[in-house]
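For reference, structure-v5.cif (mmCIF, N, CA and C atoms):
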```cif
data_protein
loop_
_atom_site.label_atom_id
_atom_site.label_comp_id
_atom_site.auth_asym_id
_atom_site.auth_seq_id
_atom_site.Cartn_x
_atom_site.Cartn_y
_atom_site.Cartn_z
N MET A 1 23.26 -13.15 -6.09
CA MET A 1 22.12 -13.14 -6.97
C MET A 1 21.18 -12.01 -6.54
N TRP A 2 20.72 -11.24 -7.51
CA TRP A 2 19.79 -10.14 -7.26
C TRP A 2 18.39 -10.69 -7.03
N LYS A 3 17.73 -10.18 -5.99
CA LYS A 3 16.35 -10.58 -5.70
C LYS A 3 15.56 -9.33 -5.35
N PRO A 4 14.47 -9.08 -6.07
CA PRO A 4 13.65 -7.92 -5.72
C PRO A 4 12.84 -8.18 -4.45
N ASN A 5 12.43 -7.12 -3.80
CA ASN A 5 11.57 -7.19 -2.63
C ASN A 5 10.12 -7.18 -3.10
N ALA A 6 9.39 -8.23 -2.79
CA ALA A 6 7.98 -8.31 -3.16
C ALA A 6 7.14 -7.64 -2.09
N THR A 7 6.38 -6.62 -2.48
CA THR A 7 5.57 -5.86 -1.55
C THR A 7 4.14 -5.73 -2.07
N VAL A 8 3.27 -5.29 -1.18
CA VAL A 8 1.86 -5.07 -1.50
C VAL A 8 1.46 -3.69 -1.01
N ALA A 9 0.39 -3.16 -1.58
CA ALA A 9 -0.17 -1.89 -1.12
C ALA A 9 -1.67 -1.90 -1.36
N ALA A 10 -2.39 -1.16 -0.51
CA ALA A 10 -3.84 -1.06 -0.63
C ALA A 10 -4.23 0.38 -0.96
N VAL A 11 -4.99 0.55 -2.02
CA VAL A 11 -5.54 1.85 -2.39
C VAL A 11 -7.03 1.81 -2.04
N ILE A 12 -7.37 2.56 -1.01
CA ILE A 12 -8.74 2.55 -0.49
C ILE A 12 -9.26 3.98 -0.53
N GLU A 13 -10.36 4.17 -1.27
CA GLU A 13 -10.96 5.49 -1.41
C GLU A 13 -12.36 5.47 -0.84
N LYS A 14 -12.69 6.53 -0.12
CA LYS A 14 -14.04 6.68 0.42
C LYS A 14 -14.38 8.17 0.40
N ASP A 15 -15.45 8.50 -0.30
CA ASP A 15 -15.92 9.89 -0.37
C ASP A 15 -14.82 10.86 -0.82
N GLY A 16 -14.01 10.42 -1.81
CA GLY A 16 -12.98 11.30 -2.35
C GLY A 16 -11.71 11.39 -1.53
N ARG A 17 -11.61 10.58 -0.49
CA ARG A 17 -10.40 10.57 0.36
C ARG A 17 -9.77 9.19 0.33
N PHE A 18 -8.46 9.17 0.44
CA PHE A 18 -7.70 7.92 0.39
C PHE A 18 -7.10 7.62 1.76
N LEU A 19 -7.17 6.34 2.13
CA LEU A 19 -6.60 5.90 3.41
C LEU A 19 -5.09 5.74 3.25
N LEU A 20 -4.35 6.54 4.01
CA LEU A 20 -2.88 6.50 3.99
C LEU A 20 -2.37 6.35 5.41
N VAL A 21 -1.07 6.14 5.50
CA VAL A 21 -0.41 6.12 6.80
C VAL A 21 0.68 7.16 6.83
N GLU A 22 0.86 7.74 8.01
CA GLU A 22 2.02 8.57 8.28
C GLU A 22 2.97 7.69 9.07
N GLU A 23 4.19 7.53 8.57
CA GLU A 23 5.15 6.65 9.22
C GLU A 23 6.49 7.34 9.37
N LEU A 24 7.22 6.95 10.40
CA LEU A 24 8.55 7.50 10.62
C LEU A 24 9.57 6.63 9.91
N ILE A 25 10.32 7.25 9.00
CA ILE A 25 11.39 6.59 8.25
C ILE A 25 12.66 7.40 8.49
N HIS A 26 13.62 6.80 9.18
CA HIS A 26 14.88 7.48 9.51
C HIS A 26 14.61 8.84 10.15
N GLY A 27 13.63 8.89 11.06
CA GLY A 27 13.32 10.10 11.79
C GLY A 27 12.48 11.13 11.04
N GLU A 28 12.08 10.81 9.82
CA GLU A 28 11.25 11.74 9.04
C GLU A 28 9.86 11.17 8.85
N LEU A 29 8.86 12.05 8.91
CA LEU A 29 7.48 11.64 8.70
C LEU A 29 7.20 11.49 7.21
N LYS A 30 6.76 10.31 6.81
CA LYS A 30 6.48 10.00 5.40
C LYS A 30 5.04 9.54 5.25
N LEU A 31 4.51 9.73 4.05
CA LEU A 31 3.17 9.26 3.68
C LEU A 31 3.30 8.05 2.77
N ASN A 32 2.39 7.10 2.95
CA ASN A 32 2.36 5.93 2.09
C ASN A 32 0.98 5.31 2.15
N GLN A 33 0.68 4.47 1.19
CA GLN A 33 -0.48 3.61 1.32
C GLN A 33 -0.17 2.59 2.42
N PRO A 34 -1.18 1.95 2.98
CA PRO A 34 -0.88 0.79 3.81
C PRO A 34 -0.14 -0.21 2.92
N ALA A 35 1.06 -0.58 3.32
CA ALA A 35 1.91 -1.37 2.43
C ALA A 35 2.96 -2.11 3.23
N GLY A 36 3.52 -3.14 2.61
CA GLY A 36 4.60 -3.87 3.26
C GLY A 36 4.99 -5.10 2.48
N HIS A 37 5.88 -5.86 3.07
CA HIS A 37 6.45 -7.04 2.42
C HIS A 37 5.54 -8.25 2.56
N ILE A 38 5.58 -9.09 1.56
CA ILE A 38 4.89 -10.37 1.60
C ILE A 38 5.72 -11.30 2.48
N GLU A 39 5.08 -11.95 3.43
CA GLU A 39 5.78 -12.84 4.35
C GLU A 39 5.81 -14.27 3.81
N TYR A 40 6.76 -15.04 4.29
CA TYR A 40 6.90 -16.43 3.90
C TYR A 40 5.59 -17.18 4.11
N GLY A 41 5.15 -17.93 3.11
CA GLY A 41 3.95 -18.74 3.19
C GLY A 41 2.65 -17.98 3.02
N GLU A 42 2.72 -16.70 2.73
CA GLU A 42 1.55 -15.85 2.63
C GLU A 42 1.22 -15.57 1.16
N SER A 43 -0.05 -15.57 0.84
CA SER A 43 -0.43 -15.20 -0.54
C SER A 43 -0.29 -13.68 -0.70
N ILE A 44 -0.21 -13.24 -1.93
CA ILE A 44 -0.08 -11.81 -2.22
C ILE A 44 -1.29 -11.05 -1.72
N VAL A 45 -2.48 -11.59 -1.95
CA VAL A 45 -3.72 -10.93 -1.50
C VAL A 45 -3.78 -10.90 0.02
N ASP A 46 -3.46 -12.01 0.66
CA ASP A 46 -3.48 -12.06 2.12
C ASP A 46 -2.49 -11.06 2.73
N ALA A 47 -1.37 -10.83 2.07
CA ALA A 47 -0.40 -9.85 2.56
C ALA A 47 -1.00 -8.44 2.55
N ALA A 48 -1.75 -8.11 1.52
CA ALA A 48 -2.38 -6.78 1.45
C ALA A 48 -3.41 -6.61 2.56
N ILE A 49 -4.16 -7.66 2.84
CA ILE A 49 -5.16 -7.62 3.91
C ILE A 49 -4.46 -7.43 5.26
N ARG A 50 -3.41 -8.23 5.52
CA ARG A 50 -2.68 -8.16 6.78
C ARG A 50 -2.02 -6.81 6.98
N GLU A 51 -1.30 -6.33 5.97
CA GLU A 51 -0.59 -5.05 6.10
C GLU A 51 -1.55 -3.90 6.37
N THR A 52 -2.70 -3.91 5.71
CA THR A 52 -3.67 -2.84 5.94
C THR A 52 -4.17 -2.86 7.37
N LEU A 53 -4.46 -4.04 7.89
CA LEU A 53 -4.91 -4.16 9.28
C LEU A 53 -3.81 -3.72 10.25
N GLU A 54 -2.60 -4.19 10.04
CA GLU A 54 -1.50 -3.87 10.95
C GLU A 54 -1.16 -2.38 10.97
N GLU A 55 -1.30 -1.71 9.82
CA GLU A 55 -0.88 -0.32 9.73
C GLU A 55 -2.01 0.68 9.95
N THR A 56 -3.28 0.25 9.79
CA THR A 56 -4.38 1.21 9.89
C THR A 56 -5.49 0.79 10.84
N ALA A 57 -5.51 -0.47 11.28
CA ALA A 57 -6.59 -1.06 12.08
C ALA A 57 -7.89 -1.18 11.28
N HIS A 58 -7.79 -1.08 9.95
CA HIS A 58 -8.95 -1.24 9.08
C HIS A 58 -8.90 -2.62 8.41
N TYR A 59 -10.05 -3.27 8.36
CA TYR A 59 -10.16 -4.55 7.66
C TYR A 59 -10.41 -4.26 6.18
N PHE A 60 -9.51 -4.74 5.35
CA PHE A 60 -9.50 -4.46 3.91
C PHE A 60 -9.98 -5.67 3.14
N GLU A 61 -10.88 -5.40 2.19
CA GLU A 61 -11.32 -6.45 1.27
C GLU A 61 -10.87 -6.06 -0.13
N PRO A 62 -9.81 -6.70 -0.65
CA PRO A 62 -9.35 -6.40 -2.01
C PRO A 62 -10.41 -6.79 -3.03
N ARG A 63 -10.60 -5.93 -4.01
CA ARG A 63 -11.57 -6.20 -5.06
C ARG A 63 -10.92 -6.34 -6.43
N ALA A 64 -9.76 -5.68 -6.62
CA ALA A 64 -9.09 -5.72 -7.92
C ALA A 64 -7.60 -5.44 -7.75
N LEU A 65 -6.83 -5.93 -8.69
CA LEU A 65 -5.41 -5.59 -8.78
C LEU A 65 -5.31 -4.32 -9.62
N LEU A 66 -4.66 -3.30 -9.08
CA LEU A 66 -4.47 -2.04 -9.84
C LEU A 66 -3.29 -2.15 -10.79
N GLY A 67 -2.25 -2.82 -10.35
CA GLY A 67 -1.07 -2.93 -11.18
C GLY A 67 0.09 -3.53 -10.40
N ILE A 68 1.14 -3.82 -11.13
CA ILE A 68 2.39 -4.31 -10.55
C ILE A 68 3.46 -3.30 -10.95
N TYR A 69 4.14 -2.77 -9.95
CA TYR A 69 5.05 -1.65 -10.15
C TYR A 69 6.47 -2.04 -9.75
N GLN A 70 7.43 -1.67 -10.55
CA GLN A 70 8.84 -1.91 -10.24
C GLN A 70 9.50 -0.57 -9.98
N TRP A 71 10.22 -0.47 -8.85
CA TRP A 71 10.86 0.79 -8.49
C TRP A 71 12.13 0.53 -7.71
N SER A 72 13.18 1.28 -8.07
CA SER A 72 14.45 1.26 -7.34
C SER A 72 14.72 2.68 -6.85
N PRO A 73 14.92 2.86 -5.54
CA PRO A 73 15.23 4.20 -5.04
C PRO A 73 16.54 4.72 -5.64
N ARG A 74 16.55 5.98 -6.00
CA ARG A 74 17.72 6.59 -6.63
C ARG A 74 18.97 6.43 -5.75
N GLU A 75 18.78 6.56 -4.42
CA GLU A 75 19.92 6.47 -3.51
C GLU A 75 20.38 5.04 -3.25
N GLN A 76 19.58 4.05 -3.68
CA GLN A 76 19.94 2.64 -3.51
C GLN A 76 19.53 1.87 -4.78
N PRO A 77 20.19 2.10 -5.90
CA PRO A 77 19.75 1.49 -7.17
C PRO A 77 19.82 -0.04 -7.18
N GLU A 78 20.59 -0.63 -6.27
CA GLU A 78 20.66 -2.10 -6.22
C GLU A 78 19.44 -2.71 -5.52
N LEU A 79 18.65 -1.86 -4.88
CA LEU A 79 17.44 -2.28 -4.17
C LEU A 79 16.24 -2.07 -5.09
N THR A 80 15.48 -3.12 -5.32
CA THR A 80 14.31 -3.02 -6.19
C THR A 80 13.08 -3.56 -5.48
N TYR A 81 11.99 -2.84 -5.63
CA TYR A 81 10.70 -3.25 -5.09
C TYR A 81 9.77 -3.63 -6.23
N LEU A 82 9.09 -4.74 -6.08
CA LEU A 82 7.99 -5.12 -6.95
C LEU A 82 6.73 -5.00 -6.11
N ARG A 83 5.90 -4.01 -6.42
CA ARG A 83 4.71 -3.72 -5.62
C ARG A 83 3.46 -4.21 -6.34
N PHE A 84 2.69 -5.03 -5.65
CA PHE A 84 1.38 -5.46 -6.12
C PHE A 84 0.37 -4.55 -5.42
N SER A 85 -0.29 -3.70 -6.18
CA SER A 85 -1.20 -2.73 -5.59
C SER A 85 -2.64 -3.13 -5.85
N PHE A 86 -3.45 -3.07 -4.80
CA PHE A 86 -4.85 -3.50 -4.87
C PHE A 86 -5.79 -2.35 -4.55
N SER A 87 -6.95 -2.37 -5.16
CA SER A 87 -8.04 -1.50 -4.74
C SER A 87 -9.07 -2.37 -4.04
N GLY A 88 -9.82 -1.74 -3.17
CA GLY A 88 -10.84 -2.48 -2.43
C GLY A 88 -11.54 -1.58 -1.46
N VAL A 89 -12.21 -2.20 -0.49
CA VAL A 89 -13.03 -1.44 0.45
C VAL A 89 -12.70 -1.84 1.88
N VAL A 90 -13.04 -0.94 2.79
CA VAL A 90 -12.94 -1.21 4.22
C VAL A 90 -14.23 -1.90 4.64
N ILE A 91 -14.09 -3.01 5.36
CA ILE A 91 -15.27 -3.74 5.82
C ILE A 91 -15.40 -3.73 7.34
N GLY A 92 -14.56 -2.95 7.99
CA GLY A 92 -14.62 -2.83 9.44
C GLY A 92 -13.38 -2.14 9.97
N VAL A 93 -13.45 -1.73 11.23
CA VAL A 93 -12.33 -1.06 11.88
C VAL A 93 -12.19 -1.63 13.29
N ASP A 94 -10.98 -1.90 13.71
CA ASP A 94 -10.68 -2.33 15.07
C ASP A 94 -10.16 -1.11 15.82
N GLU A 95 -11.06 -0.35 16.40
CA GLU A 95 -10.72 0.94 17.03
C GLU A 95 -9.62 0.85 18.08
N GLY A 96 -9.56 -0.24 18.82
CA GLY A 96 -8.59 -0.35 19.90
C GLY A 96 -7.26 -0.97 19.50
N ARG A 97 -7.11 -1.33 18.25
CA ARG A 97 -5.92 -2.04 17.80
C ARG A 97 -4.69 -1.11 17.77
N ALA A 98 -3.59 -1.59 18.29
CA ALA A 98 -2.32 -0.85 18.20
C ALA A 98 -1.76 -1.01 16.79
N LEU A 99 -1.23 0.07 16.25
CA LEU A 99 -0.66 0.05 14.91
C LEU A 99 0.81 -0.37 14.97
N ASP A 100 1.36 -0.79 13.83
CA ASP A 100 2.79 -1.12 13.76
C ASP A 100 3.61 0.01 14.39
N SER A 101 4.73 -0.34 14.98
CA SER A 101 5.52 0.61 15.76
C SER A 101 6.02 1.82 14.97
N ASP A 102 6.25 1.68 13.68
CA ASP A 102 6.75 2.82 12.89
C ASP A 102 5.63 3.69 12.32
N ILE A 103 4.37 3.28 12.52
CA ILE A 103 3.23 4.04 12.02
C ILE A 103 2.79 5.05 13.08
N GLU A 104 2.74 6.31 12.69
CA GLU A 104 2.27 7.36 13.59
C GLU A 104 0.75 7.37 13.66
N ARG A 105 0.10 7.30 12.48
CA ARG A 105 -1.36 7.28 12.44
C ARG A 105 -1.84 7.00 11.02
N ALA A 106 -3.08 6.59 10.93
CA ALA A 106 -3.76 6.45 9.65
C ALA A 106 -4.51 7.75 9.39
N VAL A 107 -4.52 8.18 8.13
CA VAL A 107 -5.18 9.43 7.75
C VAL A 107 -5.96 9.24 6.46
N TRP A 108 -7.03 10.00 6.31
CA TRP A 108 -7.81 10.03 5.07
C TRP A 108 -7.56 11.38 4.41
N LEU A 109 -6.98 11.35 3.20
CA LEU A 109 -6.63 12.59 2.50
C LEU A 109 -7.17 12.58 1.07
N THR A 110 -7.50 13.77 0.57
CA THR A 110 -7.88 13.92 -0.83
C THR A 110 -6.63 13.86 -1.69
N ARG A 111 -6.81 13.68 -2.99
CA ARG A 111 -5.66 13.68 -3.89
C ARG A 111 -4.92 15.02 -3.79
N GLU A 112 -5.67 16.10 -3.71
CA GLU A 112 -5.05 17.42 -3.62
C GLU A 112 -4.20 17.56 -2.36
N GLU A 113 -4.69 17.05 -1.24
CA GLU A 113 -3.92 17.09 0.00
C GLU A 113 -2.67 16.22 -0.11
N ILE A 114 -2.79 15.11 -0.82
CA ILE A 114 -1.64 14.22 -1.01
C ILE A 114 -0.59 14.90 -1.88
N VAL A 115 -1.02 15.54 -2.95
CA VAL A 115 -0.09 16.26 -3.83
C VAL A 115 0.60 17.39 -3.06
N ALA A 116 -0.14 18.08 -2.22
CA ALA A 116 0.43 19.18 -1.44
C ALA A 116 1.54 18.72 -0.49
N ARG A 117 1.55 17.43 -0.18
CA ARG A 117 2.56 16.88 0.73
C ARG A 117 3.57 15.99 -0.01
N VAL A 118 3.81 16.29 -1.28
CA VAL A 118 4.66 15.44 -2.12
C VAL A 118 6.06 15.24 -1.52
N SER A 119 6.57 16.21 -0.79
CA SER A 119 7.90 16.06 -0.19
C SER A 119 7.92 14.98 0.89
N GLN A 120 6.75 14.56 1.36
CA GLN A 120 6.66 13.52 2.39
C GLN A 120 6.36 12.14 1.80
N HIS A 121 6.20 12.04 0.50
CA HIS A 121 5.86 10.73 -0.08
C HIS A 121 7.01 9.75 0.12
N ARG A 122 6.67 8.56 0.57
CA ARG A 122 7.68 7.52 0.78
C ARG A 122 8.33 7.12 -0.54
N SER A 123 7.52 7.11 -1.61
CA SER A 123 8.05 6.79 -2.94
C SER A 123 7.12 7.39 -3.98
N PRO A 124 7.57 7.41 -5.24
CA PRO A 124 6.69 7.90 -6.31
C PRO A 124 5.51 6.97 -6.56
N LEU A 125 5.56 5.77 -6.01
CA LEU A 125 4.47 4.81 -6.21
C LEU A 125 3.18 5.27 -5.53
N LEU A 126 3.28 6.08 -4.48
CA LEU A 126 2.10 6.55 -3.76
C LEU A 126 1.12 7.23 -4.71
N LEU A 127 1.56 8.26 -5.39
CA LEU A 127 0.67 9.01 -6.28
C LEU A 127 0.37 8.23 -7.56
N GLU A 128 1.33 7.47 -8.03
CA GLU A 128 1.12 6.67 -9.25
C GLU A 128 -0.03 5.68 -9.06
N CYS A 129 -0.07 5.01 -7.92
CA CYS A 129 -1.15 4.05 -7.65
C CYS A 129 -2.50 4.76 -7.53
N ILE A 130 -2.52 5.92 -6.89
CA ILE A 130 -3.77 6.67 -6.78
C ILE A 130 -4.25 7.11 -8.15
N ASP A 131 -3.34 7.60 -8.97
CA ASP A 131 -3.73 8.04 -10.31
C ASP A 131 -4.21 6.87 -11.17
N ASP A 132 -3.59 5.71 -11.02
CA ASP A 132 -4.08 4.53 -11.75
C ASP A 132 -5.48 4.15 -11.27
N TYR A 133 -5.71 4.25 -9.98
CA TYR A 133 -7.04 4.00 -9.43
C TYR A 133 -8.05 4.98 -10.03
N LEU A 134 -7.72 6.26 -10.02
CA LEU A 134 -8.63 7.28 -10.55
C LEU A 134 -8.85 7.14 -12.05
N ALA A 135 -7.88 6.57 -12.75
CA ALA A 135 -8.01 6.33 -14.19
C ALA A 135 -8.86 5.11 -14.49
N GLY A 136 -9.26 4.38 -13.44
CA GLY A 136 -10.13 3.23 -13.63
C GLY A 136 -9.43 1.92 -13.92
N ARG A 137 -8.13 1.87 -13.68
CA ARG A 137 -7.42 0.61 -13.92
C ARG A 137 -7.83 -0.44 -12.90
N ARG A 138 -8.25 -1.57 -13.37
CA ARG A 138 -8.65 -2.66 -12.50
C ARG A 138 -8.41 -3.97 -13.24
N TYR A 139 -7.81 -4.92 -12.57
CA TYR A 139 -7.59 -6.25 -13.12
C TYR A 139 -8.17 -7.26 -12.14
N PRO A 140 -8.79 -8.31 -12.64
CA PRO A 140 -9.42 -9.28 -11.72
C PRO A 140 -8.38 -9.96 -10.83
N LEU A 141 -8.77 -10.23 -9.60
CA LEU A 141 -7.87 -10.90 -8.66
C LEU A 141 -7.44 -12.27 -9.17
N GLU A 142 -8.26 -12.87 -10.02
CA GLU A 142 -7.94 -14.20 -10.56
C GLU A 142 -6.69 -14.20 -11.44
N ILE A 143 -6.20 -13.00 -11.78
CA ILE A 143 -4.96 -12.93 -12.55
C ILE A 143 -3.77 -13.43 -11.73
N LEU A 144 -3.93 -13.39 -10.39
CA LEU A 144 -2.89 -13.88 -9.49
C LEU A 144 -3.17 -15.34 -9.17
N ARG A 145 -2.26 -16.20 -9.50
CA ARG A 145 -2.47 -17.64 -9.29
C ARG A 145 -1.47 -18.14 -8.28
N ASP A 146 -1.96 -18.66 -7.18
CA ASP A 146 -1.14 -19.11 -6.07
C ASP A 146 -1.07 -20.65 -6.10
N PHE A 147 0.09 -21.16 -6.44
CA PHE A 147 0.27 -22.61 -6.54
C PHE A 147 0.70 -23.23 -5.21
N ASP A 148 0.85 -22.39 -4.18
CA ASP A 148 1.22 -22.91 -2.86
C ASP A 148 0.00 -23.25 -2.02
N ARG A 149 -1.16 -22.99 -2.52
CA ARG A 149 -2.40 -23.23 -1.74
C ARG A 149 -3.10 -24.46 -2.22
#
```
In structure tokens, what does this structure look like?
Amino acid sequence: MWKPNATVAAVIEKDGRFLLVEELIHGELKLNQPAGHIEYGESIVDAAIRETLEETAHYFEPRALLGIYQWSPREQPELTYLRFSFSGVVIGVDEGRALDSDIERAVWLTREEIVARVSQHRSPLLLECIDDYLAGRRYPLEILRDFDR
């Protein structure tokens, strides 16, 4: 039975710069939003908060759902990701926190700097989510209903 991978991502903008991570994927440096898989027993929103903290040491407060994105990598068409992308704000930083082992560092980049590094994008969802954010797409968090809570 086919099952998509449910993931989350945080789009965080401050002063025209977006919080991203540089991560090592198969020995190559890639750019992505703070993102990852939803864990068992975890709400979608809580997953976005946790992943942002684990990958950037920033405390994220989701304010809106940007969109839900479906993507299958060309080299692995049987693999599908369903990404719940959120916009929000940073409400604190844990300066001494160790980042996930595959994360090299958190970086703040402008859209232009992100476009200039397109060959390093982990997926096309990186720029798509930023452009949706810049276009003003926002959906209330109440659209997500968690019946496990």
Which parts of chain A does DSSP call alpha helix (DSSP H) when run on the backbone here, written out as a compact mmCIF listing (two decimals) with N, CA and C atoms, keeping the file's coordinate frame?
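The file below, part24.txt, is the result:
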```txt
# COMPACT_ATOMS: atom_id res chain seq x y z
N ILE A 44 -0.21 -13.24 -1.93
CA ILE A 44 -0.08 -11.81 -2.22
C ILE A 44 -1.29 -11.05 -1.72
N VAL A 45 -2.48 -11.59 -1.95
CA VAL A 45 -3.72 -10.93 -1.50
C VAL A 45 -3.78 -10.90 0.02
N ASP A 46 -3.46 -12.01 0.66
CA ASP A 46 -3.48 -12.06 2.12
C ASP A 46 -2.49 -11.06 2.73
N ALA A 47 -1.37 -10.83 2.07
CA ALA A 47 -0.40 -9.85 2.56
C ALA A 47 -1.00 -8.44 2.55
N ALA A 48 -1.75 -8.11 1.52
CA ALA A 48 -2.38 -6.78 1.45
C ALA A 48 -3.41 -6.61 2.56
N ILE A 49 -4.16 -7.66 2.84
CA ILE A 49 -5.16 -7.62 3.91
C ILE A 49 -4.46 -7.43 5.26
N ARG A 50 -3.41 -8.23 5.52
CA ARG A 50 -2.68 -8.16 6.78
C ARG A 50 -2.02 -6.81 6.98
N GLU A 51 -1.30 -6.33 5.97
CA GLU A 51 -0.59 -5.05 6.10
C GLU A 51 -1.55 -3.90 6.37
N THR A 52 -2.70 -3.91 5.71
CA THR A 52 -3.67 -2.84 5.94
C THR A 52 -4.17 -2.86 7.37
N LEU A 53 -4.46 -4.04 7.89
CA LEU A 53 -4.91 -4.16 9.28
C LEU A 53 -3.81 -3.72 10.25
N GLU A 54 -2.60 -4.19 10.04
CA GLU A 54 -1.50 -3.87 10.95
C GLU A 54 -1.16 -2.38 10.97
N GLU A 55 -1.30 -1.71 9.82
CA GLU A 55 -0.88 -0.32 9.73
C GLU A 55 -2.01 0.68 9.95
N THR A 56 -3.28 0.25 9.79
CA THR A 56 -4.38 1.21 9.89
C THR A 56 -5.49 0.79 10.84
N ARG A 111 -6.81 13.68 -2.99
CA ARG A 111 -5.66 13.68 -3.89
C ARG A 111 -4.92 15.02 -3.79
N GLU A 112 -5.67 16.10 -3.71
CA GLU A 112 -5.05 17.42 -3.62
C GLU A 112 -4.20 17.56 -2.36
N GLU A 113 -4.69 17.05 -1.24
CA GLU A 113 -3.92 17.09 0.00
C GLU A 113 -2.67 16.22 -0.11
N ILE A 114 -2.79 15.11 -0.82
CA ILE A 114 -1.64 14.22 -1.01
C ILE A 114 -0.59 14.90 -1.88
N VAL A 115 -1.02 15.54 -2.95
CA VAL A 115 -0.09 16.26 -3.83
C VAL A 115 0.60 17.39 -3.06
N ALA A 116 -0.14 18.08 -2.22
CA ALA A 116 0.43 19.18 -1.44
C ALA A 116 1.54 18.72 -0.49
N LEU A 125 5.56 5.77 -6.01
CA LEU A 125 4.47 4.81 -6.21
C LEU A 125 3.18 5.27 -5.53
N LEU A 126 3.28 6.08 -4.48
CA LEU A 126 2.10 6.55 -3.76
C LEU A 126 1.12 7.23 -4.71
N LEU A 127 1.56 8.26 -5.39
CA LEU A 127 0.67 9.01 -6.28
C LEU A 127 0.37 8.23 -7.56
N GLU A 128 1.33 7.47 -8.03
CA GLU A 128 1.12 6.67 -9.25
C GLU A 128 -0.03 5.68 -9.06
N CYS A 129 -0.07 5.01 -7.92
CA CYS A 129 -1.15 4.05 -7.65
C CYS A 129 -2.50 4.76 -7.53
N ILE A 130 -2.52 5.92 -6.89
CA ILE A 130 -3.77 6.67 -6.78
C ILE A 130 -4.25 7.11 -8.15
N ASP A 131 -3.34 7.60 -8.97
CA ASP A 131 -3.73 8.04 -10.31
C ASP A 131 -4.21 6.87 -11.17
N ASP A 132 -3.59 5.71 -11.02
CA ASP A 132 -4.08 4.53 -11.75
C ASP A 132 -5.48 4.15 -11.27
N TYR A 133 -5.71 4.25 -9.98
CA TYR A 133 -7.04 4.00 -9.43
C TYR A 133 -8.05 4.98 -10.03
N LEU A 134 -7.72 6.26 -10.02
CA LEU A 134 -8.63 7.28 -10.55
C LEU A 134 -8.85 7.14 -12.05
```
Would you work out the distance separating atom C of Asp148 (chain A) from atom C of Tyr40 (chain A), expressed in Å to one decimal?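 Result for atom C of Asp148 (chain A) versus atom C of Tyr40 (chain A): 10.3 Å, one decimal.
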Restricting to only C-alpha atoms, whichever of A:Ile143, A:Leu66, A:Leu134, A:Val115 is closest to Ser87 (chain A) is A:Leu66
At what distance in Å, to one decimal, does CA of Thr110 (chain A) lie from CA of Val90 (chain A)? 16.7 Å
Using the chain letters and numbering of this document, enumerate as a ChimeraX atom specification the residues selected by the PyMOL selection byres ((chain A and resi 6-9) around 7). /A:3-5,10-11,33-38,44,47-48,80-87
